[in-house]
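Heads up, data20.txt below (compact mmCIF, N, CA and C atoms):
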# COMPACT_ATOMS: atom_id res chain seq x y z
N MET S 89 91.60 108.86 99.55
CA MET S 89 90.20 108.88 99.92
C MET S 89 89.30 109.34 98.78
N ALA S 90 89.89 109.67 97.65
CA ALA S 90 89.08 110.10 96.52
C ALA S 90 88.11 109.01 96.08
N ALA S 91 88.52 107.74 96.17
CA ALA S 91 87.63 106.64 95.79
C ALA S 91 86.42 106.59 96.70
N LEU S 92 86.63 106.81 98.00
CA LEU S 92 85.48 106.81 98.92
C LEU S 92 84.53 107.95 98.60
N ASP S 93 85.07 109.09 98.24
CA ASP S 93 84.22 110.22 97.85
C ASP S 93 83.41 109.88 96.60
N LEU S 94 84.08 109.30 95.60
CA LEU S 94 83.40 108.95 94.36
C LEU S 94 82.34 107.88 94.60
N PHE S 95 82.72 106.80 95.24
CA PHE S 95 81.79 105.69 95.42
C PHE S 95 80.75 105.94 96.50
N GLY S 96 81.00 106.94 97.33
CA GLY S 96 80.03 107.31 98.36
C GLY S 96 78.88 108.16 97.82
N ARG S 97 79.02 108.65 96.61
CA ARG S 97 77.95 109.45 96.02
C ARG S 97 76.80 108.54 95.62
N ARG S 98 75.61 109.03 95.86
CA ARG S 98 74.42 108.23 95.56
C ARG S 98 74.44 107.79 94.11
N TRP S 99 74.15 106.52 93.89
CA TRP S 99 74.02 105.87 92.59
C TRP S 99 75.35 105.42 91.97
N SER S 100 76.48 105.91 92.43
CA SER S 100 77.75 105.54 91.79
C SER S 100 77.98 104.03 91.82
N LEU S 101 77.86 103.43 92.99
CA LEU S 101 78.08 101.99 93.10
C LEU S 101 77.02 101.20 92.34
N ARG S 102 75.81 101.70 92.37
CA ARG S 102 74.73 101.01 91.65
C ARG S 102 75.02 100.98 90.15
N ILE S 103 75.52 102.08 89.61
CA ILE S 103 75.86 102.12 88.19
C ILE S 103 76.95 101.09 87.89
N LEU S 104 77.99 101.07 88.70
CA LEU S 104 79.05 100.07 88.50
C LEU S 104 78.48 98.66 88.56
N TRP S 105 77.64 98.41 89.55
CA TRP S 105 77.08 97.08 89.75
C TRP S 105 76.25 96.66 88.53
N GLU S 106 75.49 97.57 87.99
CA GLU S 106 74.65 97.24 86.84
C GLU S 106 75.46 97.04 85.56
N LEU S 107 76.64 97.62 85.50
CA LEU S 107 77.50 97.46 84.32
C LEU S 107 78.43 96.25 84.43
N ARG S 108 78.36 95.52 85.52
CA ARG S 108 79.33 94.47 85.76
C ARG S 108 79.27 93.34 84.74
N ALA S 109 78.12 93.07 84.15
CA ALA S 109 78.00 91.95 83.22
C ALA S 109 78.11 92.36 81.76
N ASP S 110 77.46 93.46 81.41
CA ASP S 110 77.38 93.86 80.01
C ASP S 110 77.37 95.37 79.88
N PRO S 111 77.84 95.89 78.74
CA PRO S 111 77.69 97.33 78.48
C PRO S 111 76.20 97.67 78.34
N LEU S 112 75.85 98.86 78.76
CA LEU S 112 74.47 99.32 78.66
C LEU S 112 74.42 100.74 78.14
N GLY S 113 73.37 101.05 77.41
CA GLY S 113 73.12 102.41 76.98
C GLY S 113 72.49 103.21 78.11
N PHE S 114 72.36 104.50 77.89
CA PHE S 114 71.86 105.41 78.92
C PHE S 114 70.49 104.97 79.46
N ARG S 115 69.52 104.79 78.57
CA ARG S 115 68.15 104.45 79.01
C ARG S 115 68.06 103.10 79.70
N PRO S 116 68.65 102.02 79.14
CA PRO S 116 68.59 100.75 79.86
C PRO S 116 69.27 100.81 81.23
N LEU S 117 70.38 101.54 81.31
CA LEU S 117 71.06 101.69 82.59
C LEU S 117 70.19 102.48 83.56
N GLN S 118 69.57 103.52 83.09
CA GLN S 118 68.68 104.33 83.92
C GLN S 118 67.54 103.46 84.45
N LYS S 119 66.99 102.61 83.60
CA LYS S 119 65.89 101.73 84.01
C LYS S 119 66.34 100.76 85.09
N ARG S 120 67.53 100.19 84.92
CA ARG S 120 68.06 99.25 85.92
C ARG S 120 68.36 99.95 87.24
N CYS S 121 68.58 101.23 87.18
CA CYS S 121 68.86 102.02 88.39
C CYS S 121 67.58 102.67 88.90
N ASP S 122 66.49 101.96 88.81
CA ASP S 122 65.20 102.43 89.34
C ASP S 122 64.76 103.76 88.77
N ASP S 123 65.05 103.98 87.49
CA ASP S 123 64.65 105.20 86.80
C ASP S 123 65.11 106.47 87.51
N MET S 124 66.38 106.47 87.91
CA MET S 124 66.92 107.69 88.52
C MET S 124 66.79 108.84 87.53
N SER S 125 66.85 110.05 88.03
CA SER S 125 66.68 111.21 87.16
C SER S 125 67.80 111.27 86.13
N SER S 126 67.47 111.78 84.96
CA SER S 126 68.46 111.90 83.88
C SER S 126 69.61 112.80 84.27
N SER S 127 69.32 113.87 84.98
CA SER S 127 70.40 114.80 85.34
C SER S 127 71.39 114.16 86.32
N VAL S 128 70.90 113.40 87.29
CA VAL S 128 71.79 112.71 88.23
C VAL S 128 72.57 111.62 87.49
N MET S 129 71.89 110.91 86.61
CA MET S 129 72.56 109.86 85.84
C MET S 129 73.70 110.45 85.02
N ARG S 130 73.45 111.55 84.32
CA ARG S 130 74.50 112.19 83.52
C ARG S 130 75.67 112.63 84.41
N GLN S 131 75.35 113.19 85.56
CA GLN S 131 76.40 113.65 86.47
C GLN S 131 77.25 112.48 86.97
N ARG S 132 76.61 111.39 87.38
CA ARG S 132 77.36 110.23 87.88
C ARG S 132 78.17 109.59 86.76
N LEU S 133 77.60 109.49 85.57
CA LEU S 133 78.35 108.91 84.46
C LEU S 133 79.57 109.75 84.13
N THR S 134 79.42 111.06 84.15
CA THR S 134 80.55 111.95 83.90
C THR S 134 81.64 111.76 84.95
N GLU S 135 81.24 111.66 86.21
CA GLU S 135 82.22 111.46 87.29
C GLU S 135 82.93 110.12 87.14
N LEU S 136 82.18 109.08 86.79
CA LEU S 136 82.79 107.75 86.63
C LEU S 136 83.67 107.69 85.39
N LEU S 137 83.28 108.41 84.34
CA LEU S 137 84.14 108.51 83.14
C LEU S 137 85.43 109.24 83.49
N ASP S 138 85.33 110.35 84.19
CA ASP S 138 86.52 111.13 84.58
C ASP S 138 87.45 110.31 85.47
N ALA S 139 86.87 109.43 86.30
CA ALA S 139 87.67 108.60 87.21
C ALA S 139 88.22 107.36 86.50
N GLN S 140 87.85 107.19 85.25
CA GLN S 140 88.33 106.10 84.41
C GLN S 140 87.92 104.72 84.91
N VAL S 141 86.76 104.63 85.56
CA VAL S 141 86.25 103.32 85.96
C VAL S 141 85.20 102.81 84.97
N ILE S 142 84.69 103.71 84.13
CA ILE S 142 83.85 103.31 83.00
C ILE S 142 84.35 104.06 81.78
N HIS S 143 83.96 103.59 80.61
CA HIS S 143 84.21 104.35 79.38
C HIS S 143 83.03 104.16 78.46
N GLN S 144 82.94 105.04 77.48
CA GLN S 144 81.82 105.01 76.55
C GLN S 144 82.28 104.40 75.24
N LEU S 145 81.53 103.44 74.77
CA LEU S 145 81.83 102.76 73.52
C LEU S 145 81.39 103.63 72.34
N PRO S 146 81.90 103.35 71.14
CA PRO S 146 81.48 104.13 69.96
C PRO S 146 79.97 104.13 69.73
N ASP S 147 79.27 103.07 70.17
CA ASP S 147 77.82 103.02 70.00
C ASP S 147 77.06 103.70 71.15
N SER S 148 77.79 104.43 71.99
CA SER S 148 77.25 105.22 73.11
C SER S 148 76.92 104.42 74.36
N ARG S 149 77.12 103.10 74.34
CA ARG S 149 76.90 102.33 75.56
C ARG S 149 78.08 102.56 76.51
N TYR S 150 77.84 102.27 77.78
CA TYR S 150 78.86 102.41 78.81
C TYR S 150 79.30 101.03 79.25
N GLU S 151 80.59 100.90 79.54
CA GLU S 151 81.08 99.63 80.08
C GLU S 151 82.20 99.91 81.08
N LEU S 152 82.46 98.92 81.91
CA LEU S 152 83.52 99.04 82.91
C LEU S 152 84.89 98.99 82.24
N THR S 153 85.81 99.74 82.78
CA THR S 153 87.21 99.64 82.39
C THR S 153 87.82 98.55 83.28
N PRO S 154 89.08 98.18 83.05
CA PRO S 154 89.72 97.23 83.97
C PRO S 154 89.67 97.73 85.43
N LEU S 155 89.85 99.03 85.65
CA LEU S 155 89.75 99.55 87.03
C LEU S 155 88.33 99.38 87.57
N GLY S 156 87.35 99.59 86.73
CA GLY S 156 85.95 99.41 87.15
C GLY S 156 85.65 97.97 87.48
N ARG S 157 86.22 97.05 86.70
CA ARG S 157 86.03 95.62 86.99
C ARG S 157 86.66 95.26 88.34
N GLU S 158 87.84 95.82 88.60
CA GLU S 158 88.49 95.58 89.89
C GLU S 158 87.61 96.08 91.04
N ALA S 159 87.00 97.24 90.83
CA ALA S 159 86.11 97.78 91.88
C ALA S 159 84.94 96.85 92.11
N CYS S 160 84.36 96.33 91.05
CA CYS S 160 83.23 95.39 91.19
C CYS S 160 83.67 94.13 91.92
N HIS S 161 84.84 93.62 91.60
CA HIS S 161 85.34 92.42 92.28
C HIS S 161 85.57 92.71 93.76
N ALA S 162 86.00 93.91 94.06
CA ALA S 162 86.19 94.28 95.47
C ALA S 162 84.86 94.35 96.20
N LEU S 163 83.77 94.57 95.48
CA LEU S 163 82.44 94.65 96.09
C LEU S 163 81.84 93.27 96.38
N ASN S 164 82.38 92.22 95.78
CA ASN S 164 81.80 90.89 95.99
C ASN S 164 81.69 90.49 97.46
N PRO S 165 82.72 90.70 98.29
CA PRO S 165 82.55 90.36 99.71
C PRO S 165 81.41 91.15 100.36
N LEU S 166 81.24 92.40 99.98
CA LEU S 166 80.13 93.19 100.52
C LEU S 166 78.79 92.62 100.05
N ALA S 167 78.73 92.18 98.79
CA ALA S 167 77.49 91.58 98.27
C ALA S 167 77.17 90.30 99.04
N HIS S 168 78.18 89.49 99.33
CA HIS S 168 77.96 88.27 100.13
C HIS S 168 77.42 88.64 101.51
N TRP S 169 78.05 89.62 102.14
CA TRP S 169 77.59 90.06 103.45
C TRP S 169 76.14 90.55 103.38
N ALA S 170 75.82 91.33 102.35
CA ALA S 170 74.46 91.87 102.21
C ALA S 170 73.43 90.75 102.08
N GLU S 171 73.78 89.68 101.39
CA GLU S 171 72.87 88.54 101.27
C GLU S 171 72.65 87.89 102.63
N ARG S 172 73.72 87.72 103.41
CA ARG S 172 73.58 87.13 104.75
C ARG S 172 72.77 88.06 105.65
N TRP S 173 73.03 89.35 105.55
CA TRP S 173 72.29 90.33 106.34
C TRP S 173 70.80 90.30 105.99
N ALA S 174 70.48 90.28 104.69
CA ALA S 174 69.09 90.24 104.25
C ALA S 174 68.40 88.98 104.79
N ALA S 175 69.12 87.85 104.77
CA ALA S 175 68.54 86.60 105.28
C ALA S 175 68.30 86.68 106.79
N THR S 176 69.14 87.43 107.48
CA THR S 176 68.98 87.58 108.92
C THR S 176 67.76 88.42 109.27
N ILE S 177 67.57 89.51 108.54
CA ILE S 177 66.46 90.39 108.89
C ILE S 177 65.14 89.97 108.25
N ASP S 178 65.20 89.16 107.17
CA ASP S 178 63.99 88.69 106.52
C ASP S 178 64.26 87.30 105.95
N PRO S 179 64.28 86.27 106.80
CA PRO S 179 64.63 84.92 106.34
C PRO S 179 63.76 84.41 105.20
N GLN S 180 62.51 84.81 105.12
CA GLN S 180 61.64 84.33 104.06
C GLN S 180 61.86 85.07 102.75
N GLY S 181 62.40 86.28 102.82
CA GLY S 181 62.62 87.06 101.60
C GLY S 181 64.00 86.89 101.02
N ALA S 182 64.86 86.16 101.70
CA ALA S 182 66.26 86.05 101.29
C ALA S 182 66.44 85.33 99.97
N ASP S 183 65.50 84.46 99.59
CA ASP S 183 65.68 83.71 98.36
C ASP S 183 65.03 84.39 97.16
N HIS S 184 64.64 85.65 97.29
CA HIS S 184 63.99 86.37 96.20
C HIS S 184 64.96 87.07 95.27
N THR S 185 66.27 86.89 95.47
CA THR S 185 67.23 87.56 94.60
C THR S 185 67.23 86.86 93.25
N ASP S 186 67.21 87.66 92.19
CA ASP S 186 67.27 87.04 90.87
C ASP S 186 68.72 86.72 90.51
N ASP S 187 68.91 85.90 89.49
CA ASP S 187 70.26 85.47 89.12
C ASP S 187 71.14 86.64 88.74
N ARG S 188 70.59 87.66 88.09
CA ARG S 188 71.40 88.80 87.65
C ARG S 188 71.97 89.56 88.83
N SER S 189 71.15 89.80 89.86
CA SER S 189 71.66 90.59 90.98
C SER S 189 72.55 89.76 91.90
N ALA S 190 72.37 88.44 91.89
CA ALA S 190 73.19 87.60 92.76
C ALA S 190 74.47 87.15 92.08
N GLY S 191 74.59 87.36 90.79
CA GLY S 191 75.74 86.87 90.03
C GLY S 191 77.04 87.53 90.42
N ARG S 192 78.08 86.73 90.42
CA ARG S 192 79.42 87.25 90.69
C ARG S 192 80.23 87.05 89.43
N ILE S 193 81.16 87.91 89.21
CA ILE S 193 82.04 87.77 88.06
C ILE S 193 83.46 87.69 88.59
N PRO S 194 83.92 86.49 88.95
CA PRO S 194 85.28 86.41 89.45
C PRO S 194 86.28 86.65 88.32
N PRO S 195 87.26 87.48 88.57
CA PRO S 195 88.27 87.72 87.54
C PRO S 195 89.10 86.46 87.35
N PRO S 196 89.70 86.29 86.20
CA PRO S 196 90.45 85.07 85.94
C PRO S 196 91.64 84.88 86.86
N ASP S 197 92.16 85.94 87.46
CA ASP S 197 93.35 85.80 88.28
C ASP S 197 93.06 85.88 89.77
N THR S 198 91.80 85.69 90.20
CA THR S 198 91.52 85.71 91.62
C THR S 198 90.75 84.47 92.01
N ALA S 199 90.67 84.25 93.29
CA ALA S 199 89.97 83.10 93.83
C ALA S 199 88.49 83.35 93.95
N GLY S 200 87.97 84.48 93.49
CA GLY S 200 86.56 84.78 93.56
C GLY S 200 86.18 85.63 94.75
N ASP S 201 87.11 85.79 95.68
CA ASP S 201 86.81 86.59 96.86
C ASP S 201 87.64 87.86 96.90
N GLY S 202 88.25 88.19 95.77
CA GLY S 202 89.03 89.42 95.69
C GLY S 202 90.50 89.22 96.02
N THR S 203 90.86 88.01 96.47
CA THR S 203 92.26 87.75 96.78
C THR S 203 92.95 87.19 95.55
N PRO S 204 94.22 87.51 95.35
CA PRO S 204 94.93 86.98 94.18
C PRO S 204 94.94 85.47 94.17
N GLY S 205 94.76 84.89 93.02
CA GLY S 205 94.81 83.44 92.86
C GLY S 205 96.20 82.98 92.53
N ARG S 206 96.33 81.67 92.36
CA ARG S 206 97.64 81.13 92.00
C ARG S 206 98.09 81.66 90.65
N GLY S 207 99.33 81.97 90.53
CA GLY S 207 99.88 82.44 89.28
C GLY S 207 99.61 83.90 89.00
N SER S 208 99.00 84.57 89.95
CA SER S 208 98.69 86.00 89.78
C SER S 208 99.94 86.83 89.99
N ALA S 209 100.03 87.91 89.28
CA ALA S 209 101.18 88.80 89.44
C ALA S 209 101.09 89.63 90.69
N ASP S 210 99.91 89.66 91.35
CA ASP S 210 99.72 90.49 92.54
C ASP S 210 100.32 89.87 93.76

Can the structure from this file be put into structure tokens for me?
Amino acid sequence: MAALDLFGRRWSLRILWELRADPLGFRPLQKRCDDMSSSVMRQRLTELLDAQVIHQLPDSRYELTPLGREACHALNPLAHWAERWAATIDPQGADHTDDRSAGRIPPPDTAGDGTPGRGSAD
């Protein structure tokens, strides 16, 4: 249940989600996370670093580790559900998602829905 504790903390999942495409430095990541406070950002980054789901590059940017990428792929079904839910409660606002937030990054060894694909070792 340690993962639920970690990912249940405010901003943890958002940080992972924002790092899913590219490494980001502290300030750009903070901006993408609705300008969360610096102290909370530092605390969440430290927790995610300790959990080995992100790591810091030599240029100080943060990026997902393979475990972090797996976590993001596991979130894809939830993201799909959230899009359907948003369309249900606000049918006219459902198409306002930008490409970056709607993008999925299917891993090379899965079918895109988090299940192992053909030839996968899983």

query = If we count all atoms listed in the file, what is near range 92-107 of chain S at a cut-off of 6 Å, once residues fewer than 5 positions away on the same chain are taken out, given as a list in words?
reply = Leu112, Glu151 and Leu152 of chain S

inquiry  = So that I can check the surroundings of Tyr150 in chain S, please list as a PyMOL selection string every protein, DNA and RNA residue that reaches within 5 Å of it, counting all atoms listed in the file and ignoring chain neighbours fewer than 2 positions away.
reply    = chain S and resi 111-113+143-145+148+152

query = Between CA of Asp110 in chain S and atom C of Ala90 in chain S, what is the distance, to one decimal in Å?
reply =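 Taking CA of Asp110 in chain S as the start and atom C of Ala90 in chain S as the end point, the length is 24.6 Å.
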
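Going from atom N of Arg149 in chain S to atom N of Phe114 in chain S covers 6.1 Å.
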
Around all of range 167-183 of chain S's listed atoms, make the axis-aligned box with 5 Å on each side and tell me centre and edge lengths in Å to one decimal, as lines of an AutoDock Vina configuration file.
center_x = 70.2
center_y = 87.9
center_z = 103.2
size_x = 27.1
size_y = 18.5
size_z = 22.1

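All residues of protein, DNA or RNA that reach within 10 Å of Gln140 in chain S, judged by only C-alpha atoms and not counting those fewer than 4 positions away in the chain, are Thr134, Glu135, Leu136, Leu152, Thr153, Pro154, Leu155 and Gly156 of chain S.
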
message = Report, in Å with one decimal, the straight-line distance from atom C of Arg108 in chain S to CA of Glu158 in chain S.
response =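 Interatomic distance, atom C of Arg108 in chain S to CA of Glu158 in chain S: 10.8 Å.
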